[in-house]
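Note: the block below is query_22.txt and it holds compact mmCIF, C-alpha atoms.
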# COMPACT_ATOMS: atom_id res chain seq x y z
CA MET A 1426 9.58 -47.51 -49.17
CA SER A 1427 7.98 -47.93 -52.54
CA ALA A 1428 7.00 -51.39 -53.63
CA GLN A 1429 7.78 -50.40 -57.19
CA ALA A 1430 11.43 -49.90 -56.45
CA GLN A 1431 11.68 -53.18 -54.59
CA MET A 1432 9.67 -55.35 -56.91
CA PRO A 1433 10.09 -54.08 -60.47
CA GLN A 1434 9.38 -57.52 -61.90
CA PHE A 1435 5.70 -57.40 -60.87
CA ASP A 1436 2.89 -55.53 -62.58
CA ALA A 1437 0.89 -52.82 -60.81
CA ALA A 1438 -1.98 -55.04 -59.70
CA THR A 1439 0.36 -57.63 -58.24
CA ARG A 1440 2.37 -54.97 -56.45
CA LYS A 1441 -0.80 -53.58 -54.95
CA GLU A 1442 -1.81 -57.02 -53.76
CA LEU A 1443 1.62 -57.60 -52.28
CA GLU A 1444 1.54 -54.27 -50.51
CA GLU A 1445 -1.85 -54.98 -49.00
CA PHE A 1446 -0.79 -58.43 -47.96
CA LEU A 1447 2.34 -57.09 -46.26
CA GLU A 1448 0.35 -54.40 -44.51
CA GLN A 1449 -2.09 -56.96 -43.14
CA GLU A 1450 0.65 -59.27 -41.97
CA GLN A 1451 2.53 -56.42 -40.32
CA ALA A 1452 -0.63 -55.35 -38.50
CA LYS A 1453 -1.15 -58.90 -37.27
CA ALA A 1454 2.47 -59.19 -36.15
CA LYS A 1455 2.16 -55.90 -34.30
CA LEU A 1456 -0.95 -57.09 -32.48
CA GLN A 1457 0.76 -60.33 -31.52
CA ALA A 1458 3.80 -58.46 -30.24
CA SER A 1459 1.53 -56.25 -28.13
CA VAL A 1460 -0.14 -59.28 -26.61
CA HIS A 1461 3.23 -60.81 -25.73
CA GLU A 1462 4.43 -57.56 -24.20
CA LEU A 1463 1.20 -57.07 -22.24
CA THR A 1464 1.21 -60.64 -20.97
CA ASN A 1465 4.72 -60.04 -19.69
CA THR A 1466 3.73 -56.78 -17.99
CA CYS A 1467 0.56 -58.21 -16.46
CA TRP A 1468 2.32 -61.36 -15.30
CA ASN A 1469 4.91 -59.33 -13.43
CA LYS A 1470 2.26 -57.01 -12.05
CA CYS A 1471 -0.28 -59.62 -10.94
CA ILE A 1472 1.61 -62.80 -10.10
CA THR A 1473 3.54 -61.60 -7.09
CA GLY A 1474 3.58 -64.72 -4.93
CA GLY A 1475 4.74 -68.27 -5.54
CA ILE A 1476 3.46 -70.50 -8.33
CA SER A 1477 0.66 -72.85 -7.29
CA SER A 1478 -1.46 -75.03 -9.49
CA LYS A 1479 -3.92 -72.25 -10.24
CA PHE A 1480 -4.22 -68.50 -9.91
CA SER A 1481 -5.46 -67.15 -6.62
CA ARG A 1482 -8.68 -65.21 -6.81
CA SER A 1483 -6.91 -61.86 -6.54
CA GLU A 1484 -4.38 -62.83 -9.19
CA ALA A 1485 -7.18 -63.85 -11.56
CA THR A 1486 -9.04 -60.58 -10.97
CA CYS A 1487 -5.84 -58.62 -11.46
CA LEU A 1488 -5.18 -60.35 -14.78
CA GLU A 1489 -8.73 -59.69 -15.94
CA ASN A 1490 -8.39 -55.97 -15.25
CA CYS A 1491 -4.76 -55.54 -16.19
CA VAL A 1492 -5.09 -54.95 -19.93
CA ASP A 1493 -7.98 -52.50 -19.69
CA ARG A 1494 -6.35 -50.45 -16.94
CA PHE A 1495 -3.04 -50.44 -18.80
CA LEU A 1496 -4.78 -49.03 -21.87
CA ASP A 1497 -6.79 -46.59 -19.72
CA SER A 1498 -3.54 -45.34 -18.21
CA SER A 1499 -2.03 -44.98 -21.63
CA LEU A 1500 -5.01 -42.94 -22.86
CA TYR A 1501 -5.05 -40.84 -19.70
CA ILE A 1502 -1.38 -39.98 -20.05
CA VAL A 1503 -1.80 -39.00 -23.68
CA ARG A 1504 -4.76 -36.77 -22.78
CA GLN A 1505 -2.81 -35.13 -19.96
CA ILE A 1506 0.06 -34.36 -22.27
CA GLU A 1507 -2.32 -32.99 -24.88
CA SER A 1508 -3.94 -30.65 -22.37
CA GLN A 1509 -0.56 -29.51 -21.06
CA LYS A 1510 0.50 -28.70 -24.58
CA GLN A 1511 -2.59 -26.56 -25.05
CA GLN A 1512 -1.75 -24.53 -21.95
CA LEU A 1513 1.59 -23.47 -23.36
CA MET B 1398 -9.42 -63.30 -59.84
CA SER B 1399 -6.34 -65.38 -59.26
CA SER B 1400 -4.45 -64.44 -56.17
CA LEU B 1401 -0.89 -64.80 -55.08
CA PHE B 1402 -1.95 -64.80 -51.47
CA GLY B 1403 -5.09 -65.47 -49.51
CA SER B 1404 -7.31 -68.48 -49.25
CA GLY B 1405 -8.23 -68.77 -52.91
CA GLY B 1406 -4.70 -69.57 -54.04
CA ALA B 1407 -3.90 -72.47 -56.31
CA ALA B 1408 -1.27 -73.71 -53.88
CA PRO B 1409 -2.91 -74.94 -50.67
CA ASP B 1410 0.36 -76.61 -49.86
CA MET B 1411 2.12 -73.27 -49.77
CA ASN B 1412 -0.62 -71.71 -47.62
CA ALA B 1413 -0.44 -74.56 -45.15
CA ARG B 1414 3.31 -74.08 -44.91
CA LYS B 1415 2.93 -70.35 -44.34
CA GLU B 1416 0.42 -70.99 -41.55
CA GLN B 1417 2.76 -73.52 -39.99
CA MET B 1418 5.64 -71.06 -40.11
CA LYS B 1419 3.57 -68.32 -38.51
CA GLN B 1420 2.48 -70.63 -35.72
CA GLN B 1421 6.05 -71.69 -35.16
CA ILE B 1422 7.23 -68.10 -34.80
CA GLN B 1423 4.36 -67.43 -32.41
CA GLN B 1424 5.25 -70.45 -30.32
CA GLU B 1425 8.90 -69.51 -30.16
CA GLN B 1426 8.00 -66.08 -28.80
CA LEU B 1427 5.73 -67.62 -26.19
CA ILE B 1428 8.33 -70.18 -25.17
CA ASN B 1429 10.95 -67.46 -24.74
CA LYS B 1430 8.60 -65.45 -22.56
CA ILE B 1431 7.64 -68.49 -20.49
CA ASN B 1432 11.27 -69.37 -19.97
CA GLU B 1433 12.19 -65.84 -18.99
CA ASN B 1434 9.35 -65.41 -16.49
CA CYS B 1435 9.12 -68.91 -15.08
CA TYR B 1436 12.86 -69.17 -14.59
CA GLU B 1437 12.65 -65.95 -12.62
CA LYS B 1438 9.83 -67.33 -10.47
CA CYS B 1439 10.85 -70.95 -10.03
CA VAL B 1440 14.63 -70.91 -9.93
CA PRO B 1441 15.54 -68.10 -7.53
CA LYS B 1442 18.99 -69.51 -6.77
CA PRO B 1443 20.42 -71.66 -9.55
CA SER B 1444 22.28 -74.67 -8.15
CA SER B 1445 24.17 -77.45 -9.92
CA ALA B 1446 20.95 -79.05 -11.19
CA LEU B 1447 17.21 -78.38 -11.28
CA SER B 1448 15.52 -79.90 -8.25
CA SER B 1449 12.26 -81.80 -8.62
CA SER B 1450 10.37 -79.02 -6.86
CA GLU B 1451 11.83 -76.52 -9.30
CA GLU B 1452 10.70 -78.72 -12.16
CA GLN B 1453 7.22 -78.98 -10.69
CA CYS B 1454 7.10 -75.22 -10.29
CA LEU B 1455 8.21 -74.74 -13.91
CA SER B 1456 5.53 -77.05 -15.18
CA ARG B 1457 2.77 -75.31 -13.20
CA CYS B 1458 4.16 -71.95 -14.24
CA MET B 1459 4.02 -72.86 -17.95
CA THR B 1460 0.34 -73.72 -17.67
CA LEU B 1461 -0.38 -70.52 -15.79
CA TYR B 1462 1.60 -68.32 -18.15
CA MET B 1463 -0.31 -69.72 -21.12
CA ALA B 1464 -3.58 -69.08 -19.28
CA ALA B 1465 -2.44 -65.50 -18.63
CA PHE B 1466 -1.56 -65.13 -22.31
CA ASP B 1467 -5.05 -66.29 -23.29
CA GLN B 1468 -6.68 -63.89 -20.84
CA VAL B 1469 -4.59 -60.94 -22.03
CA SER B 1470 -5.20 -61.82 -25.65
CA LYS B 1471 -8.95 -61.98 -25.07
CA SER B 1472 -9.06 -58.68 -23.15
CA TYR B 1473 -6.86 -56.91 -25.67
CA VAL B 1474 -8.82 -58.01 -28.71
CA ALA B 1475 -12.10 -57.09 -26.97
CA ARG B 1476 -10.76 -53.66 -26.08
CA VAL B 1477 -9.36 -52.96 -29.54
CA SER B 1478 -12.65 -53.84 -31.22
CA LYS B 1479 -14.56 -51.77 -28.66
CA GLU B 1480 -12.36 -48.71 -29.26
CA ARG B 1481 -12.72 -49.16 -32.99
CA SER B 1482 -16.50 -49.29 -32.95
CA GLY B 1483 -16.58 -46.23 -30.67
CA LEU B 1484 -14.60 -44.07 -33.06
CA PRO B 1485 -16.62 -42.77 -36.00
CA GLY B 1486 -14.88 -43.04 -39.32
CA VAL B 1487 -12.21 -45.52 -38.29
Taking this structure as input, can you express it in the form of structure tokens?
Amino acid sequence: MSAQAQMPQFDAATRKELEEFLEQEQAKAKLQASVHELTNTCWNKCITGGISSKFSRSEATCLENCVDRFLDSSLYIVRQIESQKQQL
Amino acid sequence: MSSLFGSGGAAPDMNARKEQMKQQIQQEQLINKINENCYEKCVPKPSSALSSSEEQCLSRCMTLYMAAFDQVSKSYVARVSKERSGLPGV
């Protein structure tokens, strides 16, 4: 989508600024959405028992590791698929 | 250079409002997630009204979910900046 088509009333410098601003905000929104999604995933994964006033030790450890292992898994899967593609 | 956006703008009022709006959207997302997950945990069998133990569970659960959100946020940001510094040219 070109900013020029959408915002003909602005000059080039302003359009550029707008585009950069939108890009930044979209990146931030994406990061926030990832954090929400990951919190949801890790909550379901780690908090398996009832709700007490604080996390049990194993729940706390699980939460600490959850994000890194999720991303490790994601990277591992991508690498596996890459190497399978190369074998074709 | 005058700027439509960013901190140097001539309209601090507008910037404050934008910040407020962003925070509000953020909070709404978090509240939805808390409701979804804590309802699941604390109200296994919905009856005609919330019991006091269900309410207590919900209130503990809110605190815990926010703590989990903070932990995940911290880990994720740390990991993203680690990956970035490890990749040359990114």
Interface rows for chain A against chain B: nearest pair, Å to one decimal, 6 Å, all atoms listed in the file, as a tab-separated table:
residue	atom	partner	partner_atom	distance
A:Val1460	CA	B:Ser1470	CA	5.7
A:Thr1464	CA	B:Phe1466	CA	5.4
A:Ser1478	CA	B:Arg1457	CA	5.6
Can you work out the spacing between CA of Glu1480 in chain B and CA of Lys1441 in chain A in Å, to one decimal? 28.6 Å
Determine, counting all atoms listed in the file, every residue of protein, DNA or RNA that lies within 8 Å of (0.2, -59.2, -18.8) in the file coordinates, then give the result as a ChimeraX atom specification. /A:1460-1471,1488,1491-1492 /B:1465-1466,1469
With C-alpha atoms retained, write the just-selected residues as a PDB file, in the coordinates of the input.
ATOM      1  CA  VAL A1460      -0.140 -59.280 -26.610  1.00  0.00           C
ATOM      2  CA  HIS A1461       3.230 -60.810 -25.730  1.00  0.00           C
ATOM      3  CA  GLU A1462       4.430 -57.560 -24.200  1.00  0.00           C
ATOM      4  CA  LEU A1463       1.200 -57.070 -22.240  1.00  0.00           C
ATOM      5  CA  THR A1464       1.210 -60.640 -20.970  1.00  0.00           C
ATOM      6  CA  ASN A1465       4.720 -60.040 -19.690  1.00  0.00           C
ATOM      7  CA  THR A1466       3.730 -56.780 -17.990  1.00  0.00           C
ATOM      8  CA  CYS A1467       0.560 -58.210 -16.460  1.00  0.00           C
ATOM      9  CA  TRP A1468       2.320 -61.360 -15.300  1.00  0.00           C
ATOM     10  CA  ASN A1469       4.910 -59.330 -13.430  1.00  0.00           C
ATOM     11  CA  LYS A1470       2.260 -57.010 -12.050  1.00  0.00           C
ATOM     12  CA  CYS A1471      -0.280 -59.620 -10.940  1.00  0.00           C
ATOM     13  CA  LEU A1488      -5.180 -60.350 -14.780  1.00  0.00           C
ATOM     14  CA  CYS A1491      -4.760 -55.540 -16.190  1.00  0.00           C
ATOM     15  CA  VAL A1492      -5.090 -54.950 -19.930  1.00  0.00           C
TER      16      VAL A1492
ATOM     17  CA  ALA B1465      -2.440 -65.500 -18.630  1.00  0.00           C
ATOM     18  CA  PHE B1466      -1.560 -65.130 -22.310  1.00  0.00           C
ATOM     19  CA  VAL B1469      -4.590 -60.940 -22.030  1.00  0.00           C
TER      20      VAL B1469
END
What is the CA of Gly1483 in chain B-CA of Ala1485 in chain A distance in Å, reported with one decimal?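 Taking CA of Gly1483 in chain B and CA of Ala1485 in chain A, their separation equals 27.6 Å.
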Selected residue of minimal separation from Ile1422 in chain B among A:Leu1443, A:Ala1452, A:Gln1434, A:Gln1457, counting all atoms listed in the file: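 That would be A:Gln1457, the residue with the smallest distance to Ile1422 in chain B.
Counting only C-alpha atoms and comparing A:Ile1472, A:Phe1435, A:Arg1440, A:Ala1454, the residue that lies closest to Glu1484 in chain A is A:Ile1472.
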Once 8 Å is added on each side, what are the centre and the three edge lengths, in Å to one decimal, of the axis-aligned box enclosing the listed atoms of range 1411-1428 of chain B? Present them as AutoDock Vina command-line options.
--center_x 4.1 --center_y -70.3 --center_z -37.5 --size_x 25.5 --size_y 24.5 --size_z 40.6
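Take CA of Thr1473 in chain A and CA of Lys1455 in chain A: the distance between them is 27.8 Å.
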Counting all atoms listed in the file, which of B:Gln1424, B:Gln1417, B:Glu1437, B:Asp1410 gets nearest to Glu1451 in chain B?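 Smallest distance to Glu1451 in chain B is found for B:Glu1437.
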Atoms added to range 1437-1448 of chain A (all heavy atoms), reported as a PDB file, in the coordinates of the input:
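Wrote it out as result22.pdb, contents follow:
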ATOM      1  N   ALA A1437       1.469 -53.721 -61.820  1.00  0.00           N
ATOM      2  CA  ALA A1437       0.890 -52.820 -60.810  1.00  0.00           C
ATOM      3  C   ALA A1437      -0.103 -53.532 -59.906  1.00  0.00           C
ATOM      4  O   ALA A1437      -0.084 -53.352 -58.684  1.00  0.00           O
ATOM      5  CB  ALA A1437       0.232 -51.639 -61.499  1.00  0.00           C
ATOM      6  N   ALA A1438      -0.954 -54.364 -60.495  1.00  0.00           N
ATOM      7  CA  ALA A1438      -1.980 -55.040 -59.700  1.00  0.00           C
ATOM      8  C   ALA A1438      -1.341 -55.991 -58.686  1.00  0.00           C
ATOM      9  O   ALA A1438      -1.749 -56.047 -57.520  1.00  0.00           O
ATOM     10  CB  ALA A1438      -2.926 -55.813 -60.618  1.00  0.00           C
ATOM     11  N   THR A1439      -0.324 -56.694 -59.131  1.00  0.00           N
ATOM     12  CA  THR A1439       0.360 -57.630 -58.240  1.00  0.00           C
ATOM     13  C   THR A1439       1.068 -56.884 -57.120  1.00  0.00           C
ATOM     14  O   THR A1439       1.039 -57.304 -55.962  1.00  0.00           O
ATOM     15  CB  THR A1439       1.374 -58.476 -59.024  1.00  0.00           C
ATOM     16  OG1 THR A1439       0.714 -59.076 -60.126  1.00  0.00           O
ATOM     17  CG2 THR A1439       1.997 -59.545 -58.151  1.00  0.00           C
ATOM     18  N   ARG A1440       1.687 -55.767 -57.483  1.00  0.00           N
ATOM     19  CA  ARG A1440       2.370 -54.970 -56.450  1.00  0.00           C
ATOM     20  C   ARG A1440       1.391 -54.494 -55.399  1.00  0.00           C
ATOM     21  O   ARG A1440       1.683 -54.513 -54.213  1.00  0.00           O
ATOM     22  CB  ARG A1440       3.062 -53.773 -57.104  1.00  0.00           C
ATOM     23  CG  ARG A1440       4.463 -54.089 -57.632  1.00  0.00           C
ATOM     24  CD  ARG A1440       5.316 -52.851 -57.738  1.00  0.00           C
ATOM     25  NE  ARG A1440       4.703 -51.829 -58.580  1.00  0.00           N
ATOM     26  CZ  ARG A1440       4.880 -51.756 -59.904  1.00  0.00           C
ATOM     27  NH1 ARG A1440       5.652 -52.628 -60.510  1.00  0.00           N
ATOM     28  NH2 ARG A1440       4.289 -50.819 -60.595  1.00  0.00           N
ATOM     29  N   LYS A1441       0.210 -54.066 -55.876  1.00  0.00           N
ATOM     30  CA  LYS A1441      -0.800 -53.580 -54.950  1.00  0.00           C
ATOM     31  C   LYS A1441      -1.217 -54.705 -53.996  1.00  0.00           C
ATOM     32  O   LYS A1441      -1.346 -54.506 -52.796  1.00  0.00           O
ATOM     33  CB  LYS A1441      -2.007 -53.063 -55.729  1.00  0.00           C
ATOM     34  CG  LYS A1441      -3.027 -52.349 -54.865  1.00  0.00           C
ATOM     35  CD  LYS A1441      -3.949 -51.479 -55.719  1.00  0.00           C
ATOM     36  CE  LYS A1441      -5.055 -50.856 -54.890  1.00  0.00           C
ATOM     37  NZ  LYS A1441      -6.086 -51.840 -54.493  1.00  0.00           N
ATOM     38  N   GLU A1442      -1.409 -55.876 -54.565  1.00  0.00           N
ATOM     39  CA  GLU A1442      -1.810 -57.020 -53.760  1.00  0.00           C
ATOM     40  C   GLU A1442      -0.737 -57.348 -52.720  1.00  0.00           C
ATOM     41  O   GLU A1442      -1.025 -57.598 -51.542  1.00  0.00           O
ATOM     42  CB  GLU A1442      -2.075 -58.222 -54.656  1.00  0.00           C
ATOM     43  CG  GLU A1442      -2.888 -59.298 -53.967  1.00  0.00           C
ATOM     44  CD  GLU A1442      -2.968 -60.573 -54.786  1.00  0.00           C
ATOM     45  OE1 GLU A1442      -2.905 -60.478 -56.028  1.00  0.00           O
ATOM     46  OE2 GLU A1442      -3.079 -61.638 -54.172  1.00  0.00           O
ATOM     47  N   LEU A1443       0.507 -57.322 -53.192  1.00  0.00           N
ATOM     48  CA  LEU A1443       1.620 -57.600 -52.280  1.00  0.00           C
ATOM     49  C   LEU A1443       1.669 -56.594 -51.146  1.00  0.00           C
ATOM     50  O   LEU A1443       1.846 -56.947 -49.980  1.00  0.00           O
ATOM     51  CB  LEU A1443       2.942 -57.542 -53.051  1.00  0.00           C
ATOM     52  CG  LEU A1443       3.398 -58.849 -53.704  1.00  0.00           C
ATOM     53  CD1 LEU A1443       4.534 -58.571 -54.664  1.00  0.00           C
ATOM     54  CD2 LEU A1443       3.850 -59.844 -52.638  1.00  0.00           C
ATOM     55  N   GLU A1444       1.500 -55.317 -51.524  1.00  0.00           N
ATOM     56  CA  GLU A1444       1.540 -54.270 -50.510  1.00  0.00           C
ATOM     57  C   GLU A1444       0.463 -54.463 -49.459  1.00  0.00           C
ATOM     58  O   GLU A1444       0.719 -54.353 -48.259  1.00  0.00           O
ATOM     59  CB  GLU A1444       1.363 -52.903 -51.169  1.00  0.00           C
ATOM     60  CG  GLU A1444       2.659 -52.175 -51.415  1.00  0.00           C
ATOM     61  CD  GLU A1444       2.425 -50.876 -52.155  1.00  0.00           C
ATOM     62  OE1 GLU A1444       2.166 -49.863 -51.482  1.00  0.00           O
ATOM     63  OE2 GLU A1444       2.474 -50.885 -53.397  1.00  0.00           O
ATOM     64  N   GLU A1445      -0.742 -54.775 -49.937  1.00  0.00           N
ATOM     65  CA  GLU A1445      -1.850 -54.980 -49.000  1.00  0.00           C
ATOM     66  C   GLU A1445      -1.603 -56.178 -48.105  1.00  0.00           C
ATOM     67  O   GLU A1445      -1.858 -56.133 -46.902  1.00  0.00           O
ATOM     68  CB  GLU A1445      -3.171 -55.158 -49.781  1.00  0.00           C
ATOM     69  CG  GLU A1445      -3.731 -53.844 -50.265  1.00  0.00           C
ATOM     70  CD  GLU A1445      -4.872 -54.033 -51.262  1.00  0.00           C
ATOM     71  OE1 GLU A1445      -5.293 -55.194 -51.483  1.00  0.00           O
ATOM     72  OE2 GLU A1445      -5.321 -53.020 -51.809  1.00  0.00           O
ATOM     73  N   PHE A1446      -1.085 -57.228 -48.727  1.00  0.00           N
ATOM     74  CA  PHE A1446      -0.790 -58.430 -47.960  1.00  0.00           C
ATOM     75  C   PHE A1446       0.228 -58.139 -46.862  1.00  0.00           C
ATOM     76  O   PHE A1446       0.057 -58.503 -45.691  1.00  0.00           O
ATOM     77  CB  PHE A1446      -0.268 -59.535 -48.889  1.00  0.00           C
ATOM     78  CG  PHE A1446       0.220 -60.761 -48.170  1.00  0.00           C
ATOM     79  CD1 PHE A1446      -0.675 -61.694 -47.670  1.00  0.00           C
ATOM     80  CD2 PHE A1446       1.581 -60.973 -47.977  1.00  0.00           C
ATOM     81  CE1 PHE A1446      -0.224 -62.826 -47.002  1.00  0.00           C
ATOM     82  CE2 PHE A1446       2.037 -62.099 -47.310  1.00  0.00           C
ATOM     83  CZ  PHE A1446       1.131 -63.019 -46.819  1.00  0.00           C
ATOM     84  N   LEU A1447       1.297 -57.416 -47.239  1.00  0.00           N
ATOM     85  CA  LEU A1447       2.340 -57.090 -46.260  1.00  0.00           C
ATOM     86  C   LEU A1447       1.790 -56.234 -45.134  1.00  0.00           C
ATOM     87  O   LEU A1447       2.104 -56.450 -43.965  1.00  0.00           O
ATOM     88  CB  LEU A1447       3.491 -56.349 -46.952  1.00  0.00           C
ATOM     89  CG  LEU A1447       4.447 -57.230 -47.751  1.00  0.00           C
ATOM     90  CD1 LEU A1447       5.492 -56.382 -48.453  1.00  0.00           C
ATOM     91  CD2 LEU A1447       5.117 -58.252 -46.839  1.00  0.00           C
ATOM     92  N   GLU A1448       0.933 -55.281 -45.513  1.00  0.00           N
ATOM     93  CA  GLU A1448       0.350 -54.400 -44.510  1.00  0.00           C
ATOM     94  C   GLU A1448      -0.461 -55.202 -43.491  1.00  0.00           C
ATOM     95  O   GLU A1448      -0.322 -55.003 -42.284  1.00  0.00           O
ATOM     96  CB  GLU A1448      -0.563 -53.394 -45.199  1.00  0.00           C
ATOM     97  CG  GLU A1448      -0.319 -51.958 -44.805  1.00  0.00           C
ATOM     98  CD  GLU A1448      -1.012 -51.024 -45.783  1.00  0.00           C
ATOM     99  OE1 GLU A1448      -2.248 -50.876 -45.652  1.00  0.00           O
ATOM    100  OE2 GLU A1448      -0.329 -50.478 -46.670  1.00  0.00           O
TER     101      GLU A1448
END
